[in-house]
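Since the structure comes first, as structure tokens, the remarks are kept for the end.
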Amino acid sequence: MIIKPSTALRNDYTALSDLAHSKEEPIYITKNGEGDLVVMSIEAFERREEVLRLRAQLAVAEQARLSGQPTVSLEESTRSAVALL
């Protein structure tokens, strides 16, 4: 976990930006010693959002499976995909 004071935004933005891009993880910004903001590169944010979207889709699919809705095996899915090509 990377934690920086809010003065880092004002005094050394370039270094903070470089850190966000090189570490590819959130940087927690404090204000008066308390957590205030989270900063990350756009690339890291977009990756994180995609993971969240995929997890939501998996949760919906798992709920459908658990409720007894019809499913398709991997083999059936592969055959259908190959037939489309």
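Just remember, in the structure tokens the first chain shown is A, the second B, etc., residues are 1-based per chain, and ligands are 1-based in the order shown.
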
Shell of 6 Å around Ser6 in chain A, only C-alpha atoms, local chain residues under 6 positions omitted, as number ranges by chain
A: 29-31

If you run DSSP on this backbone, which residues of chain A come out as alpha helix (DSSP H), and could you give them as an MDAnalysis selection string?
chainID A and resid 7:11 13:23 42:66 74:84

For CA of Val60 in chain A and CA of Ile42 in chain A, determine how far apart the two atoms are, in Å to one decimal place.
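These two atoms are separated by 27.1 Å.
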
Members of chain A assigned strand (DSSP E) by DSSP, as a list in words:
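Those residues are Ile2, Ile3, Lys4, Pro5, Ile27, Tyr28, Ile29, Thr30, Lys31, Glu34, Gly35, Asp36, Leu37, Val38 and Val39 of chain A.
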
File of the preceding selection, all heavy atoms, as a short mmCIF file (atom, residue, chain, number, x, y, z; two decimals), in the first residue's frame:
data_model
loop_
_atom_site.label_atom_id
_atom_site.label_comp_id
_atom_site.auth_asym_id
_atom_site.auth_seq_id
_atom_site.Cartn_x
_atom_site.Cartn_y
_atom_site.Cartn_z
N ILE A 2 0.61 2.14 -0.91
CA ILE A 2 1.38 3.38 -1.02
C ILE A 2 0.55 4.50 -0.41
O ILE A 2 -0.59 4.73 -0.81
CB ILE A 2 1.71 3.71 -2.49
CG1 ILE A 2 2.46 2.55 -3.14
CG2 ILE A 2 2.51 5.00 -2.58
CD1 ILE A 2 2.62 2.69 -4.64
N ILE A 3 1.13 5.22 0.54
CA ILE A 3 0.45 6.32 1.20
C ILE A 3 1.31 7.56 1.07
O ILE A 3 2.52 7.53 1.35
CB ILE A 3 0.20 6.01 2.69
CG1 ILE A 3 -0.63 4.74 2.83
CG2 ILE A 3 -0.48 7.19 3.38
CD1 ILE A 3 -0.78 4.23 4.25
N LYS A 4 0.70 8.66 0.61
CA LYS A 4 1.42 9.92 0.45
C LYS A 4 0.58 11.05 1.03
O LYS A 4 -0.66 11.01 1.00
CB LYS A 4 1.67 10.22 -1.04
CG LYS A 4 2.58 9.24 -1.73
CD LYS A 4 4.00 9.44 -1.27
CE LYS A 4 4.94 8.51 -2.01
NZ LYS A 4 6.31 8.67 -1.60
N PRO A 5 1.22 12.10 1.52
CA PRO A 5 0.46 13.25 2.02
C PRO A 5 -0.08 14.08 0.86
O PRO A 5 0.44 14.04 -0.26
CB PRO A 5 1.51 14.04 2.81
CG PRO A 5 2.81 13.68 2.17
CD PRO A 5 2.66 12.25 1.72
N ILE A 27 -2.70 4.86 -4.99
CA ILE A 27 -1.91 5.61 -4.03
C ILE A 27 -2.90 6.33 -3.12
O ILE A 27 -3.75 7.09 -3.59
CB ILE A 27 -0.99 6.64 -4.72
CG1 ILE A 27 -0.02 5.92 -5.66
CG2 ILE A 27 -0.23 7.47 -3.69
CD1 ILE A 27 0.78 6.85 -6.55
N TYR A 28 -2.80 6.08 -1.83
CA TYR A 28 -3.70 6.69 -0.86
C TYR A 28 -3.13 8.04 -0.46
O TYR A 28 -1.97 8.14 -0.08
CB TYR A 28 -3.87 5.78 0.35
CG TYR A 28 -4.54 4.48 -0.01
CD1 TYR A 28 -3.81 3.42 -0.52
CD2 TYR A 28 -5.91 4.32 0.13
CE1 TYR A 28 -4.42 2.22 -0.88
CE2 TYR A 28 -6.53 3.13 -0.23
CZ TYR A 28 -5.78 2.09 -0.73
OH TYR A 28 -6.40 0.92 -1.09
N ILE A 29 -3.96 9.07 -0.54
CA ILE A 29 -3.55 10.43 -0.21
C ILE A 29 -4.18 10.81 1.12
O ILE A 29 -5.39 10.65 1.32
CB ILE A 29 -4.00 11.43 -1.30
CG1 ILE A 29 -3.49 11.01 -2.69
CG2 ILE A 29 -3.55 12.85 -0.95
CD1 ILE A 29 -2.00 11.03 -2.86
N THR A 30 -3.34 11.32 2.03
CA THR A 30 -3.84 11.74 3.34
C THR A 30 -3.93 13.26 3.42
O THR A 30 -3.20 13.98 2.73
CB THR A 30 -2.93 11.23 4.47
OG1 THR A 30 -1.63 11.79 4.31
CG2 THR A 30 -2.84 9.71 4.46
N LYS A 31 -4.84 13.71 4.25
CA LYS A 31 -4.99 15.13 4.52
C LYS A 31 -5.06 15.28 6.03
O LYS A 31 -5.94 14.67 6.67
CB LYS A 31 -6.26 15.66 3.87
CG LYS A 31 -6.49 17.13 4.06
CD LYS A 31 -7.76 17.53 3.32
CE LYS A 31 -8.04 19.00 3.48
NZ LYS A 31 -9.29 19.36 2.80
N GLU A 34 -5.19 11.94 7.93
CA GLU A 34 -6.34 11.06 7.73
C GLU A 34 -6.48 10.73 6.25
O GLU A 34 -6.18 11.56 5.39
CB GLU A 34 -7.63 11.74 8.21
CG GLU A 34 -7.65 12.06 9.68
CD GLU A 34 -7.76 10.82 10.55
OE1 GLU A 34 -8.44 9.86 10.13
OE2 GLU A 34 -7.17 10.82 11.65
N GLY A 35 -7.00 9.54 5.92
CA GLY A 35 -7.24 9.18 4.53
C GLY A 35 -8.21 10.15 3.88
O GLY A 35 -9.21 10.54 4.49
N ASP A 36 -7.93 10.54 2.63
CA ASP A 36 -8.77 11.53 1.96
C ASP A 36 -9.12 11.12 0.53
O ASP A 36 -10.28 11.17 0.15
CB ASP A 36 -8.07 12.89 1.95
CG ASP A 36 -8.95 14.01 1.43
OD1 ASP A 36 -10.12 14.06 1.81
OD2 ASP A 36 -8.44 14.81 0.62
N LEU A 37 -8.13 10.71 -0.26
CA LEU A 37 -8.32 10.39 -1.67
C LEU A 37 -7.53 9.15 -2.05
O LEU A 37 -6.60 8.76 -1.35
CB LEU A 37 -7.84 11.54 -2.57
CG LEU A 37 -8.46 12.91 -2.41
CD1 LEU A 37 -7.66 13.93 -3.21
CD2 LEU A 37 -9.90 12.88 -2.88
N VAL A 38 -7.88 8.60 -3.21
CA VAL A 38 -7.08 7.54 -3.82
C VAL A 38 -6.77 7.99 -5.25
O VAL A 38 -7.66 8.44 -5.96
CB VAL A 38 -7.84 6.20 -3.84
CG1 VAL A 38 -7.05 5.15 -4.60
CG2 VAL A 38 -8.14 5.75 -2.43
N VAL A 39 -5.52 7.87 -5.65
CA VAL A 39 -5.08 8.28 -6.98
C VAL A 39 -4.46 7.06 -7.66
O VAL A 39 -3.76 6.28 -7.03
CB VAL A 39 -4.01 9.40 -6.87
CG1 VAL A 39 -3.47 9.78 -8.23
CG2 VAL A 39 -4.59 10.61 -6.16
#

Near-range 13-22 of chain A list (6 Å; only C-alpha atoms; drop same-chain fewer than 3 positions) as a PyMOL selection string:
chain A and resi 9+40-41

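Taking only C-alpha atoms into account, Glu24 in chain A lies nearest to A:Glu43 out of the set A:Ser67, A:Ala83, A:Glu76, A:Glu43.
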
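Here CA of Ala81 in chain A stands at a distance of 21.0 Å from CA of Arg65 in chain A.
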